[in-house]
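What follows is one structure encoded as structure tokens, with my remarks underneath.
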Number of protein chains: 2
Amino acid sequence: MAIDAYADKNCSIAKPLSFLGERWTLLVLRDLFLGRRRFDQFQESLGVATNVLSQRLATLTEEGIVERRRYSEHPERFEYVLTEKGRDLQPVLLALLAWGDRYTAEKGPPLEVVHGDHSFHAVQVCSECGEPIDTHNVHSRPGPGADEEQRRRQPAWLGR
Amino acid sequence: MAIDAYADKNCSIAKPLSFLGERWTLLVLRDLFLGRRRFDQFQESLGVATNVLSQRLATLTEEGIVERRRYSEHPERFEYVLTEKGRDLQPVLLALLAWGDRYTAEKGPPLEVVHGDHSFHAVQVCSECGEPIDTHNVHSRPGPGADEEQRRRQPAWLGR
DNA sequence: GAAGTGACTTGTGAAAAGAAAGCCACTGCT
DNA sequence: AGCAGTGGCTTTCTTTTCACAAGTCACTTC
């Protein structure tokens, strides 16, 4: 389970993808944000094979993204709810949603996300100065967690 | 190629994932943002099998995320560069990166993204009012592109 | 002329995903 | 009392995808 070839890399994009990048996982997460919490709800909404679904839910539980919670003792019944760690993935889904609305939703967005009383899309700004981030005002450099090889290679973000 | 079971869904998260969700694709995209543009650069950096890599690059080209550009005639040599549509995926990668830095980078971020002279992480704000978006001030409703079934189901974002 | 380079393709086996059926501990209906 | 239904799975089997190794082609450099 999980994609080992990703997990080995020293990269904050690859590591999350070692489990998020498995087929269906991000759609299960979408369903969790949409309020679904039970096995059969995911299964029905996604049409995923049940063996795959139970494996994905197990991985998400192991990774601390969801909590598997018993909501009935006799018979034993479980539901899955997002943890804080899981809820913190919201920006990833909202970013995907914004892109999808822009490039794949010919008839307009199937789903509107609402903030207060207005529908919106997610816009990214710099955590330090609050300015919007676009493609051309970002570059990159090795951080404290970089290994030797990463330090040698001059990283760029978008060809610098 | 591409994940048909995703592409059929009327969902702006599922549709992008029909090609982005294939194994390796998002890491190829990361490499593109890091300035890599040639087949062997991707292959070396990722360790992906060459047949898979060439298939992924073909799909990304078809989807208009990258442009396959000949940079030498004799012999024919190609490189891959992000289109605007591809560059617009930056928020997805930055969101993943921010989460990965927070939850998977024990020794600090391997890579710092820099805006002007300061390193930063991506923060999402509302496109309409500029307020930061957190988990609890978002909900959802069917949009103009929703189908019958989506209209029936009351959607929630996080259990409403 | 021999070894490399860059962008692949082809062939094969292993791993993952999909489809279908079954199971277990109930509840609720007749 | 018997039977269908529910919810959360597991097991088995088939199909698809992925990985690994090798080979190709049109050059260029040593």
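Chain labels follow the order of the structure tokens: the first chain is A, the next B, and so on; residue numbering restarts at 1 in every chain, and ligands are counted from 1 in their shown order.
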
When you look at A:Thr50 with a cut-off of 10 Å (counting only C-alpha atoms (C1' of nucleotides)), what residues show up, excluding the ones that are within fewer than 5 positions of it in the same chain? I need them as an NGL selection string. (:A and (39-40 or 42-44 or 55-56)) or (:C and (18-19)) or (:D and (8-10))

From a backbone DSSP assignment, name each residue in chain B labelled helix (DSSP H, G or I), as a VMD selection string. chain B and resid 4 to 7 14 to 20 25 to 33 39 to 46 50 to 62 84 to 87 90 to 104 135 to 137 148 to 152

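Residues in contact with stretch 137-151 of chain B at 8 Å, where only C-alpha atoms (C1' of nucleotides) are counted and same-chain residues fewer than 2 positions away are skipped, are listed as Ala105, Glu106, Lys107, Gly108, Pro109, Pro110, Leu111, Glu112, Val113, Val114, His115 and Gly116 of chain A; Asn10, Ile133, Asp134, Thr135, Arg153, Gln154, Pro155, Ala156, Trp157, Leu158 and Arg160 of chain B.
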
Would you mind exporting the chosen residues as a compact mmCIF listing (two decimals), in the first residue's frame, restricted to N, CA and C atoms?
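Result file part.txt:
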```
# COMPACT_ATOMS: atom_id res chain seq x y z
N ALA A 105 -15.28 22.86 -16.99
CA ALA A 105 -16.72 22.98 -16.73
C ALA A 105 -17.38 23.84 -17.79
N GLU A 106 -17.72 23.21 -18.93
CA GLU A 106 -18.27 23.98 -20.04
C GLU A 106 -19.62 24.60 -19.68
N LYS A 107 -20.40 23.87 -18.89
CA LYS A 107 -21.73 24.38 -18.58
C LYS A 107 -21.75 25.14 -17.25
N GLY A 108 -20.62 25.58 -16.82
CA GLY A 108 -20.54 26.23 -15.52
C GLY A 108 -20.25 25.19 -14.45
N PRO A 109 -19.81 25.65 -13.30
CA PRO A 109 -19.41 24.73 -12.23
C PRO A 109 -20.57 23.87 -11.75
N PRO A 110 -20.36 22.57 -11.64
CA PRO A 110 -21.37 21.69 -11.07
C PRO A 110 -21.61 21.99 -9.60
N LEU A 111 -20.57 22.48 -8.94
CA LEU A 111 -20.66 22.75 -7.52
C LEU A 111 -20.10 24.14 -7.27
N GLU A 112 -20.84 24.91 -6.47
CA GLU A 112 -20.31 26.21 -6.07
C GLU A 112 -19.87 26.13 -4.63
N VAL A 113 -18.70 26.67 -4.34
CA VAL A 113 -18.30 26.78 -2.95
C VAL A 113 -18.64 28.18 -2.47
N VAL A 114 -19.11 28.23 -1.26
CA VAL A 114 -19.72 29.45 -0.75
C VAL A 114 -18.99 29.90 0.52
N HIS A 115 -18.72 31.18 0.57
CA HIS A 115 -18.04 31.79 1.71
C HIS A 115 -18.96 32.88 2.23
N GLY A 116 -19.52 32.67 3.40
CA GLY A 116 -20.54 33.61 3.87
C GLY A 116 -21.76 33.50 2.96
N ASN B 10 -19.45 14.39 -13.43
CA ASN B 10 -19.67 15.82 -13.62
C ASN B 10 -19.12 16.54 -12.39
N ILE B 133 -9.60 31.65 3.82
CA ILE B 133 -10.55 30.55 3.84
C ILE B 133 -10.06 29.53 4.84
N ASP B 134 -10.89 29.17 5.79
CA ASP B 134 -10.49 28.03 6.60
C ASP B 134 -11.55 26.96 6.45
N THR B 135 -11.40 25.90 7.23
CA THR B 135 -12.28 24.76 7.00
C THR B 135 -13.73 25.09 7.31
N ARG B 153 -29.39 16.13 -4.23
CA ARG B 153 -28.59 15.96 -3.02
C ARG B 153 -28.20 17.32 -2.47
N GLN B 154 -28.48 17.58 -1.21
CA GLN B 154 -27.99 18.82 -0.62
C GLN B 154 -26.50 18.68 -0.40
N PRO B 155 -25.69 19.41 -1.12
CA PRO B 155 -24.28 19.24 -0.87
C PRO B 155 -23.86 20.04 0.37
N ALA B 156 -22.85 19.57 0.97
CA ALA B 156 -22.30 20.24 2.14
C ALA B 156 -20.80 20.33 1.89
N TRP B 157 -20.15 21.22 2.54
CA TRP B 157 -18.70 21.15 2.52
C TRP B 157 -18.35 20.98 3.98
N LEU B 158 -17.82 19.80 4.31
CA LEU B 158 -17.55 19.49 5.70
C LEU B 158 -18.78 19.40 6.57
N ARG B 160 -21.54 20.43 6.74
CA ARG B 160 -22.27 21.70 6.91
C ARG B 160 -22.54 22.01 8.37
```

C:DA16 environment, 9 Å, only C-alpha atoms (C1' of nucleotides), sequence neighbours closer than 4 positions dropped, as an mmCIF file with C-alpha atoms (C1' of nucleotides), in the first residue's frame:
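This is the output file selection.cif:
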```cif
data_model
loop_
_atom_site.group_PDB
_atom_site.id
_atom_site.type_symbol
_atom_site.label_atom_id
_atom_site.label_comp_id
_atom_site.auth_asym_id
_atom_site.auth_seq_id
_atom_site.Cartn_x
_atom_site.Cartn_y
_atom_site.Cartn_z
ATOM 1 C "C1'" DT D 16 -5.435 -3.331 -16.740
ATOM 2 C "C1'" DT D 17 -1.575 -0.857 -15.489
ATOM 3 C "C1'" DC D 18 3.094 -0.557 -14.142
#
```

Per DSSP on the backbone, filter stretch 22-156 of chain A down to the residues in strand (DSSP E or B) and report them as a ChimeraX atom specification. /A:66-72,77-82,111-115,118-120,122-126,132,138-142

For N, CA and C atoms, I'd like the residues from the last selection saved as a CSV table (one decimal), in the first residue's frame.
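Listed below is the output, again.csv:
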```
chain,number,residue,atom,x,y,z
A,66,VAL,N,-8.2,10.6,8.3
A,66,VAL,CA,-9.5,10.3,8.8
A,66,VAL,C,-9.5,9.5,10.1
A,67,GLU,N,-10.5,9.6,10.8
A,67,GLU,CA,-10.7,8.8,12.0
A,67,GLU,C,-11.8,7.8,11.7
A,68,ARG,N,-11.5,6.5,12.1
A,68,ARG,CA,-12.5,5.5,11.9
A,68,ARG,C,-13.2,5.4,13.2
A,69,ARG,N,-14.5,5.7,13.2
A,69,ARG,CA,-15.2,5.9,14.4
A,69,ARG,C,-16.4,5.0,14.5
A,70,ARG,N,-16.5,4.2,15.6
A,70,ARG,CA,-17.7,3.3,15.7
A,70,ARG,C,-18.9,4.1,16.1
A,71,TYR,N,-20.0,4.0,15.4
A,71,TYR,CA,-21.2,4.8,15.7
A,71,TYR,C,-22.3,3.8,16.2
A,72,SER,N,-22.0,2.5,16.2
A,72,SER,CA,-23.0,1.6,16.6
A,72,SER,C,-22.3,0.3,17.1
A,77,ARG,N,-20.8,-0.8,13.6
A,77,ARG,CA,-20.8,0.0,12.4
A,77,ARG,C,-19.8,1.2,12.5
A,78,PHE,N,-19.2,1.5,11.4
A,78,PHE,CA,-18.1,2.5,11.5
A,78,PHE,C,-18.4,3.6,10.5
A,79,GLU,N,-17.9,4.8,10.8
A,79,GLU,CA,-17.9,5.9,9.9
A,79,GLU,C,-16.5,6.5,9.9
A,80,TYR,N,-16.3,7.3,8.9
A,80,TYR,CA,-15.0,7.9,8.7
A,80,TYR,C,-15.2,9.5,8.7
A,81,VAL,N,-14.4,10.1,9.6
A,81,VAL,CA,-14.5,11.6,9.6
A,81,VAL,C,-13.1,12.2,9.5
A,82,LEU,N,-13.1,13.3,8.9
A,82,LEU,CA,-11.8,14.0,8.7
A,82,LEU,C,-11.2,14.4,10.0
A,111,LEU,N,-20.6,22.5,-8.9
A,111,LEU,CA,-20.7,22.8,-7.5
A,111,LEU,C,-20.1,24.1,-7.3
A,112,GLU,N,-20.8,24.9,-6.5
A,112,GLU,CA,-20.3,26.2,-6.1
A,112,GLU,C,-19.9,26.1,-4.6
A,113,VAL,N,-18.7,26.7,-4.3
A,113,VAL,CA,-18.3,26.8,-2.9
A,113,VAL,C,-18.6,28.2,-2.5
A,114,VAL,N,-19.1,28.2,-1.3
A,114,VAL,CA,-19.7,29.4,-0.7
A,114,VAL,C,-19.0,29.9,0.5
A,115,HIS,N,-18.7,31.2,0.6
A,115,HIS,CA,-18.0,31.8,1.7
A,115,HIS,C,-19.0,32.9,2.2
A,118,HIS,N,-21.5,34.5,-0.4
A,118,HIS,CA,-21.1,34.7,-1.8
A,118,HIS,C,-20.3,33.4,-2.3
A,119,SER,N,-20.6,33.0,-3.5
A,119,SER,CA,-19.8,31.9,-4.0
A,119,SER,C,-18.5,32.5,-4.5
A,120,PHE,N,-17.4,31.6,-4.5
A,120,PHE,CA,-16.1,32.1,-4.7
A,120,PHE,C,-15.2,31.0,-5.3
A,122,ALA,N,-10.9,29.8,-4.9
A,122,ALA,CA,-9.8,30.0,-4.1
A,122,ALA,C,-8.7,30.7,-4.8
A,123,VAL,N,-8.1,31.7,-4.2
A,123,VAL,CA,-7.0,32.5,-4.7
A,123,VAL,C,-5.9,32.4,-3.8
A,124,GLN,N,-4.7,32.2,-4.3
A,124,GLN,CA,-3.5,32.0,-3.4
A,124,GLN,C,-2.8,33.3,-3.2
A,125,VAL,N,-2.4,33.6,-2.0
A,125,VAL,CA,-1.6,34.8,-1.7
A,125,VAL,C,-0.4,34.3,-0.9
A,126,CYS,N,0.6,35.2,-0.8
A,126,CYS,CA,1.8,34.9,-0.1
A,126,CYS,C,1.6,35.0,1.4
A,132,PRO,N,-0.9,38.5,-4.1
A,132,PRO,CA,-1.3,37.3,-4.9
A,132,PRO,C,-0.1,36.7,-5.5
A,138,VAL,N,7.4,33.8,-8.6
A,138,VAL,CA,7.8,32.7,-7.7
A,138,VAL,C,9.1,32.1,-8.2
A,139,HIS,N,10.1,31.9,-7.3
A,139,HIS,CA,11.1,31.0,-7.7
A,139,HIS,C,11.4,30.1,-6.4
A,140,SER,N,12.5,29.4,-6.5
A,140,SER,CA,12.7,28.4,-5.4
A,140,SER,C,14.2,28.3,-5.0
A,141,ARG,N,14.4,27.7,-3.9
A,141,ARG,CA,15.8,27.5,-3.5
A,141,ARG,C,15.8,26.3,-2.5
A,142,PRO,N,16.9,25.7,-2.3
A,142,PRO,CA,17.0,24.6,-1.3
A,142,PRO,C,16.6,25.1,0.1
```

Go through D:DG7, D:DC13, D:DT28, D:DA1 one by one, measure the shortest atom-to-atom distance of each to C:DG6 using only C-alpha atoms (C1' of nucleotides), and give the residue with the smallest value.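 Among the listed residues, the smallest separation from C:DG6 belongs to D:DT28.
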
Residue with the minimum atom-to-atom distance to chain D, picked from A:Glu76, A:Asp101, A:Glu63, A:Glu128 with only C-alpha atoms (C1' of nucleotides) counted, is A:Glu76

Find the residues of chain D that sit at most 9 Å from chain B; for each, write down the nearest two atoms and how far apart they are in Å, to one decimal. Count only C-alpha atoms (C1' of nucleotides). Sort by chain, then by number going up, and give it as JSON lines.
```
{"residue": "D:DC18", "atom": "C1'", "partner": "B:Val52", "partner_atom": "CA", "distance": 7.5}
{"residue": "D:DA19", "atom": "C1'", "partner": "B:Ala49", "partner_atom": "CA", "distance": 6.3}
{"residue": "D:DC20", "atom": "C1'", "partner": "B:Ala49", "partner_atom": "CA", "distance": 7.7}
{"residue": "D:DA26", "atom": "C1'", "partner": "B:Pro75", "partner_atom": "CA", "distance": 5.6}
{"residue": "D:DC27", "atom": "C1'", "partner": "B:Pro75", "partner_atom": "CA", "distance": 5.3}
```

Using only C-alpha atoms for the distances, tell me which of B:Glu73, B:Leu53, B:Asp117, B:Thr61 is nearest to chain A. B:Asp117

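Across the structure, atom CA of B:Leu96 and atom CA of A:Ser12 are spaced 7.4 Å apart.
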
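Put simply, atom CA of B:His121 is 5.5 Å away from atom CA of A:Ser127.
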
Interface, chain C side, toward chain B (10 Å; only C-alpha atoms (C1' of nucleotides)) as an MDAnalysis selection string: chainID C and resid 6:10

Using only C-alpha atoms, the residue out of A:His136, A:Val92, A:Arg102, A:Gly130 with shortest distance to chain B is A:Val92

At a cut-off of 9 Å, using only C-alpha atoms (C1' of nucleotides), what residues contact A:Ala7? Leave out same-chain residues fewer than 3 positions from it and give the result as a list in words. Ala2, Ile3, Asp4, Asn10, Cys11, Ala14, Lys15, Pro16, Leu17, Ser18 and Phe19 of chain A
